[in-house]
Amino acid sequence: MPFRLKKALPNHIDIETETDPVRIRLKANPRAQRYLLRLPADRSGPVLTVPRGGDLERAEKFARQHIAWLIERLQDRPDHVAFLPGATIPFRGEDHVIIPTGKLRGLVTIGQSENGSPALFVPGADDHIARKLTSWFKEQARKELHERAEYHAARIGKKIAAISIRDTTSRWGSCASNGRLSFSWRLILAPPEILDYVAAHEVAHLKEMNHSPRFWRLCEQLAPQTPEARLWLKQNGTHLHGFG
């Protein structure tokens with residue numbers, strides 16, 4: 001029998017605050033057990049999940065009860081930083097300034113600005129810089145994640161079927177039962193030890209397809225920095241999604 005709410009939900013609701021109203025998208029989920037308010041990393045705006053049997057009245061009540069929490073999270077969220085000339089963005093955990101080369105062709109290169117700070121020199125017209133730099137980041141992520149994942153897989157005697165690089169928002173990596181690994185390209189923005197931890201984490205799933213104590217022991221054997229890396233991602237992961 002298909003899932004139905006008591007009444008069709010609108011696409012969104014607007015909750016009044018002391019300043020401006022906050023728009024919250026509504027999403028019906030027949031598998032959800034409870035109402036859930038979240039702020040997606042892709043900056044698409046707040047989402048309220050409505051469970052089976054939910055209705056608009058209770059959704060609005062839930063949103064009002066948690067609006068203070070939501071406003072605090074919205075205020076704490078770092079500003080978006082576009083890939084534009086002069087912008088400062090992280091690469092392997094170190095801030096770099098974007099400098100156009102003024103040339104139509106060429107490759108992205110790493111160097112220093114006139115004041116000696118790390119820089120990324122990007123060719124092409126200004127309106128092409130974002131695309132060129134994103135492609136370059138993805139390629140750098142692909143190389144480094146391949147290297148670290150293959151290294152960890154060899155240590156536990158496992159084979160990787162394939163590795164893909166994506167722009168995921170809900171997780172930094174994944175491991176399918178057929179041995180295919182997937183990673184977010186934004187890991188190249190983080191310090192190398194963070195990228196290495198995520199690679200080790202997904203490789204560990206090739207042997208332990210769970211998050212049991214045995215899995216975490218294996219993960220720490222591969223990447224001793226696991227506890228610190230998990231904390232770093234919890235505190236800084238949203239920040240990485242604010243670039244580009």
# chains A, B, ... in the order shown; residues from 1 in each chain; ligands from 1
>>> residues_around(residues="A:His96", least_positions_apart="2", cutoff="6 Å", atoms="only C-alpha atoms", output="PyMOL selection string")
chain A and resi 88-90+118-119
>>> residues_around(residues="A:Thr134", least_positions_apart="4", cutoff="10 Å", atoms="only C-alpha atoms", output="NGL selection string")
:A and (83 or 129-130 or 138-140 or 185-186 or 243-244)
>>> write_last_selection(atoms="N, CA and C atoms", output="mmCIF file, in the first residue's frame")
data_model
loop_
_atom_site.group_PDB
_atom_site.id
_atom_site.type_symbol
_atom_site.label_atom_id
_atom_site.label_comp_id
_atom_site.auth_asym_id
_atom_site.auth_seq_id
_atom_site.Cartn_x
_atom_site.Cartn_y
_atom_site.Cartn_z
ATOM 1 N N PHE A 83 35.335 30.052 -6.254
ATOM 2 C CA PHE A 83 36.652 29.936 -6.878
ATOM 3 C C PHE A 83 36.830 31.102 -7.851
ATOM 4 N N ILE A 129 37.685 30.013 -14.487
ATOM 5 C CA ILE A 129 38.584 29.612 -13.400
ATOM 6 C C ILE A 129 37.941 28.580 -12.484
ATOM 7 N N ALA A 130 36.675 28.781 -12.136
ATOM 8 C CA ALA A 130 36.009 27.851 -11.223
ATOM 9 C C ALA A 130 35.992 26.439 -11.796
ATOM 10 N N LYS A 138 39.741 17.750 -8.454
ATOM 11 C CA LYS A 138 39.242 16.381 -8.582
ATOM 12 C C LYS A 138 40.357 15.435 -9.025
ATOM 13 N N GLU A 139 41.192 15.895 -9.938
ATOM 14 C CA GLU A 139 42.288 15.051 -10.414
ATOM 15 C C GLU A 139 43.327 14.836 -9.318
ATOM 16 N N GLN A 140 43.629 15.884 -8.552
ATOM 17 C CA GLN A 140 44.566 15.733 -7.431
ATOM 18 C C GLN A 140 44.004 14.775 -6.389
ATOM 19 N N TRP A 185 35.739 14.568 -3.571
ATOM 20 C CA TRP A 185 36.954 15.264 -4.025
ATOM 21 C C TRP A 185 37.387 16.333 -3.034
ATOM 22 N N ARG A 186 36.463 16.795 -2.185
ATOM 23 C CA ARG A 186 36.776 17.868 -1.243
ATOM 24 C C ARG A 186 37.775 17.440 -0.168
ATOM 25 N N PHE A 243 33.295 25.807 -0.185
ATOM 26 C CA PHE A 243 34.194 26.282 -1.247
ATOM 27 C C PHE A 243 33.709 25.822 -2.612
ATOM 28 N N GLY A 244 33.863 26.700 -3.610
ATOM 29 C CA GLY A 244 33.563 26.326 -4.977
ATOM 30 C C GLY A 244 32.169 26.705 -5.401
#
>>> closest_residue(among="A:Pro227, A:Thr168, A:Gln65, A:Lys159", to="A:Val203", atoms="only C-alpha atoms")
A:Lys159
>>> closest_residue(among="A:His152, A:Arg92, A:Arg142, A:Lys158", to="A:Ile110", atoms="only C-alpha atoms")
A:Arg92
>>> select_by_dssp(residues="stretch 50-222 of chain A", states="strand (DSSP E)", output="number ranges by chain")
A: 50, 88-91, 94-100, 109-112, 118-122, 162-166, 173-175, 180-184
>>> residues_around(residues="stretch 28-36 of chain A", least_positions_apart="3", cutoff="9 Å", atoms="only C-alpha atoms", output="VMD selection string")
chain A and resid 3 to 5 9 47 to 54 58 to 59 62
>>> write_last_selection(atoms="N, CA and C atoms", output="CSV table (one decimal), in the first residue's frame")
chain,number,residue,atom,x,y,z
A,3,PHE,N,2.6,4.9,0.6
A,3,PHE,CA,2.6,5.8,1.7
A,3,PHE,C,1.9,7.1,1.4
A,4,ARG,N,1.0,7.5,2.3
A,4,ARG,CA,0.3,8.7,2.2
A,4,ARG,C,0.2,9.5,3.5
A,5,LEU,N,0.4,10.8,3.4
A,5,LEU,CA,0.2,11.6,4.6
A,5,LEU,C,-1.3,11.9,4.7
A,9,LEU,N,1.6,17.5,1.7
A,9,LEU,CA,2.5,18.5,2.3
A,9,LEU,C,2.8,19.6,1.3
A,47,VAL,N,16.0,21.4,5.9
A,47,VAL,CA,15.1,20.4,5.5
A,47,VAL,C,14.5,19.7,6.7
A,48,LEU,N,13.1,19.6,6.7
A,48,LEU,CA,12.4,18.9,7.8
A,48,LEU,C,11.8,17.6,7.2
A,49,THR,N,12.3,16.5,7.7
A,49,THR,CA,11.8,15.2,7.3
A,49,THR,C,10.5,14.9,8.1
A,50,VAL,N,9.5,14.5,7.4
A,50,VAL,CA,8.2,14.2,8.0
A,50,VAL,C,8.0,12.7,7.9
A,51,PRO,N,7.8,12.0,9.1
A,51,PRO,CA,7.6,10.5,9.0
A,51,PRO,C,6.3,10.1,8.6
A,52,ARG,N,6.1,8.7,8.5
A,52,ARG,CA,4.8,8.1,8.2
A,52,ARG,C,3.8,8.6,9.2
A,53,GLY,N,2.7,9.0,8.7
A,53,GLY,CA,1.6,9.4,9.6
A,53,GLY,C,1.7,10.9,10.1
A,54,GLY,N,2.8,11.6,9.6
A,54,GLY,CA,3.0,12.9,10.0
A,54,GLY,C,2.0,13.9,9.3
A,58,ARG,N,1.9,19.2,12.9
A,58,ARG,CA,3.0,18.7,13.8
A,58,ARG,C,4.3,19.1,13.2
A,59,ALA,N,4.4,19.2,11.9
A,59,ALA,CA,5.7,19.6,11.3
A,59,ALA,C,6.0,21.0,11.6
A,62,PHE,N,7.0,21.2,15.3
A,62,PHE,CA,8.4,20.7,15.5
A,62,PHE,C,9.4,21.8,15.1
>>> closest_residue(among="A:Leu206, A:Ala87, A:Asp14, A:Leu107", to="A:Ala63", atoms="only C-alpha atoms")
A:Asp14
>>> closest_residue(among="A:Ala199, A:Asp126, A:Lys132, A:Thr226", to="A:Thr109", atoms="only C-alpha atoms")
A:Lys132
>>> closest_residue(among="A:Val122, A:Leu104, A:Arg38, A:Glu57", to="A:Arg73", atoms="only C-alpha atoms")
A:Arg38
>>> closest_residue(among="A:Leu233, A:Leu39, A:Ile163, A:Ile67", to="A:Glu18", atoms="only C-alpha atoms")
A:Ile67
>>> residues_around(residues="A:Met209", least_positions_apart="2", cutoff="12 Å", atoms="only C-alpha atoms", output="list in words")
Ser174, Cys175, Ala176, Ser177, Asn178, Gly179, His201, Glu202, Val203, Ala204, His205, Leu206, Lys207, His211, Ser212, Pro213, Arg214, Phe215, Trp216, Leu218 and Cys219 of chain A
>>> residues_around(residues="A:Val108", least_positions_apart="3", cutoff="8 Å", atoms="only C-alpha atoms", output="ChimeraX atom specification")
/A:120-123,132-133,136
>>> select_by_dssp(residues="stretch 55-241 of chain A", states="alpha helix (DSSP H)", output="VMD selection string")
chain A and resid 56 to 65 67 to 76 129 to 155 192 to 204 213 to 222 226 to 240
>>> write_last_selection(atoms="C-alpha atoms", output="PDB file, in the first residue's frame")
ATOM      1  CA  LEU A  56       1.650  19.764   8.453  1.00  0.00           C
ATOM      2  CA  GLU A  57       0.464  20.943  11.879  1.00  0.00           C
ATOM      3  CA  ARG A  58       2.952  18.749  13.754  1.00  0.00           C
ATOM      4  CA  ALA A  59       5.706  19.590  11.278  1.00  0.00           C
ATOM      5  CA  GLU A  60       5.234  23.310  11.930  1.00  0.00           C
ATOM      6  CA  LYS A  61       5.144  22.728  15.691  1.00  0.00           C
ATOM      7  CA  PHE A  62       8.374  20.713  15.533  1.00  0.00           C
ATOM      8  CA  ALA A  63      10.053  23.405  13.428  1.00  0.00           C
ATOM      9  CA  ARG A  64       9.053  26.177  15.851  1.00  0.00           C
ATOM     10  CA  GLN A  65      10.353  24.165  18.801  1.00  0.00           C
ATOM     11  CA  ILE A  67      14.021  27.184  15.354  1.00  0.00           C
ATOM     12  CA  ALA A  68      16.537  28.585  17.877  1.00  0.00           C
ATOM     13  CA  TRP A  69      18.826  25.603  17.239  1.00  0.00           C
ATOM     14  CA  LEU A  70      18.471  26.081  13.479  1.00  0.00           C
ATOM     15  CA  ILE A  71      19.222  29.820  13.586  1.00  0.00           C
ATOM     16  CA  GLU A  72      22.345  29.146  15.636  1.00  0.00           C
ATOM     17  CA  ARG A  73      23.544  26.600  13.080  1.00  0.00           C
ATOM     18  CA  LEU A  74      22.815  28.968  10.198  1.00  0.00           C
ATOM     19  CA  GLN A  75      24.791  31.742  11.895  1.00  0.00           C
ATOM     20  CA  ASP A  76      27.722  29.411  12.621  1.00  0.00           C
ATOM     21  CA  ILE A 129      38.584  29.612 -13.400  1.00  0.00           C
ATOM     22  CA  ALA A 130      36.009  27.851 -11.223  1.00  0.00           C
ATOM     23  CA  ARG A 131      35.593  24.996 -13.702  1.00  0.00           C
ATOM     24  CA  LYS A 132      39.323  24.605 -14.328  1.00  0.00           C
ATOM     25  CA  LEU A 133      40.175  24.660 -10.628  1.00  0.00           C
ATOM     26  CA  THR A 134      37.420  22.206  -9.700  1.00  0.00           C
ATOM     27  CA  SER A 135      38.620  19.781 -12.370  1.00  0.00           C
ATOM     28  CA  TRP A 136      42.172  20.136 -11.109  1.00  0.00           C
ATOM     29  CA  PHE A 137      41.133  19.493  -7.503  1.00  0.00           C
ATOM     30  CA  LYS A 138      39.242  16.381  -8.582  1.00  0.00           C
ATOM     31  CA  GLU A 139      42.288  15.051 -10.414  1.00  0.00           C
ATOM     32  CA  GLN A 140      44.566  15.733  -7.431  1.00  0.00           C
ATOM     33  CA  ALA A 141      42.062  13.984  -5.162  1.00  0.00           C
ATOM     34  CA  ARG A 142      41.855  11.024  -7.535  1.00  0.00           C
ATOM     35  CA  LYS A 143      45.636  10.545  -7.560  1.00  0.00           C
ATOM     36  CA  GLU A 144      46.090  10.865  -3.813  1.00  0.00           C
ATOM     37  CA  LEU A 145      43.081   8.751  -2.841  1.00  0.00           C
ATOM     38  CA  HIS A 146      44.105   6.016  -5.280  1.00  0.00           C
ATOM     39  CA  GLU A 147      47.569   5.968  -3.766  1.00  0.00           C
ATOM     40  CA  ARG A 148      46.431   5.896  -0.126  1.00  0.00           C
ATOM     41  CA  ALA A 149      43.589   3.414  -0.703  1.00  0.00           C
ATOM     42  CA  GLU A 150      45.805   0.979  -2.632  1.00  0.00           C
ATOM     43  CA  TYR A 151      48.456   1.275   0.061  1.00  0.00           C
ATOM     44  CA  HIS A 152      46.023   0.399   2.855  1.00  0.00           C
ATOM     45  CA  ALA A 153      44.359  -2.365   0.818  1.00  0.00           C
ATOM     46  CA  ALA A 154      47.728  -4.053   0.280  1.00  0.00           C
ATOM     47  CA  ARG A 155      48.342  -4.007   4.027  1.00  0.00           C
ATOM     48  CA  PRO A 192      46.758  14.933   4.186  1.00  0.00           C
ATOM     49  CA  GLU A 193      46.239  12.941   7.385  1.00  0.00           C
ATOM     50  CA  ILE A 194      42.465  13.513   7.112  1.00  0.00           C
ATOM     51  CA  LEU A 195      42.356  12.244   3.531  1.00  0.00           C
ATOM     52  CA  ASP A 196      44.488   9.278   4.563  1.00  0.00           C
ATOM     53  CA  TYR A 197      42.078   8.421   7.399  1.00  0.00           C
ATOM     54  CA  VAL A 198      39.049   8.404   5.078  1.00  0.00           C
ATOM     55  CA  ALA A 199      40.915   6.201   2.596  1.00  0.00           C
ATOM     56  CA  ALA A 200      41.830   3.787   5.403  1.00  0.00           C
ATOM     57  CA  HIS A 201      38.259   3.865   6.748  1.00  0.00           C
ATOM     58  CA  GLU A 202      36.723   2.761   3.457  1.00  0.00           C
ATOM     59  CA  VAL A 203      39.440   0.169   2.822  1.00  0.00           C
ATOM     60  CA  ALA A 204      38.775  -1.301   6.269  1.00  0.00           C
ATOM     61  CA  PRO A 213      34.572  -2.538  17.565  1.00  0.00           C
ATOM     62  CA  ARG A 214      36.557  -4.919  15.343  1.00  0.00           C
ATOM     63  CA  PHE A 215      36.171  -2.515  12.414  1.00  0.00           C
ATOM     64  CA  TRP A 216      37.387   0.459  14.445  1.00  0.00           C
ATOM     65  CA  ARG A 217      40.398  -1.512  15.702  1.00  0.00           C
ATOM     66  CA  LEU A 218      41.316  -2.295  12.100  1.00  0.00           C
ATOM     67  CA  CYS A 219      40.765   1.307  11.076  1.00  0.00           C
ATOM     68  CA  GLU A 220      43.148   2.526  13.801  1.00  0.00           C
ATOM     69  CA  GLN A 221      45.713  -0.067  12.807  1.00  0.00           C
ATOM     70  CA  LEU A 222      45.692   1.362   9.304  1.00  0.00           C
ATOM     71  CA  THR A 226      41.599   7.938  13.357  1.00  0.00           C
ATOM     72  CA  PRO A 227      40.240   9.546  16.595  1.00  0.00           C
ATOM     73  CA  GLU A 228      41.760  12.935  15.798  1.00  0.00           C
ATOM     74  CA  ALA A 229      40.671  12.773  12.142  1.00  0.00           C
ATOM     75  CA  ARG A 230      37.074  11.936  13.057  1.00  0.00           C
ATOM     76  CA  LEU A 231      36.986  14.921  15.402  1.00  0.00           C
ATOM     77  CA  TRP A 232      38.532  17.181  12.755  1.00  0.00           C
ATOM     78  CA  LEU A 233      35.870  16.209  10.207  1.00  0.00           C
ATOM     79  CA  LYS A 234      33.110  16.746  12.731  1.00  0.00           C
ATOM     80  CA  GLN A 235      34.386  20.242  13.502  1.00  0.00           C
ATOM     81  CA  ASN A 236      35.536  21.294  10.022  1.00  0.00           C
ATOM     82  CA  GLY A 237      33.726  19.121   7.474  1.00  0.00           C
ATOM     83  CA  THR A 238      30.925  21.619   6.801  1.00  0.00           C
ATOM     84  CA  HIS A 239      33.557  24.277   6.126  1.00  0.00           C
ATOM     85  CA  LEU A 240      34.938  22.255   3.207  1.00  0.00           C
TER      86      LEU A 240
END
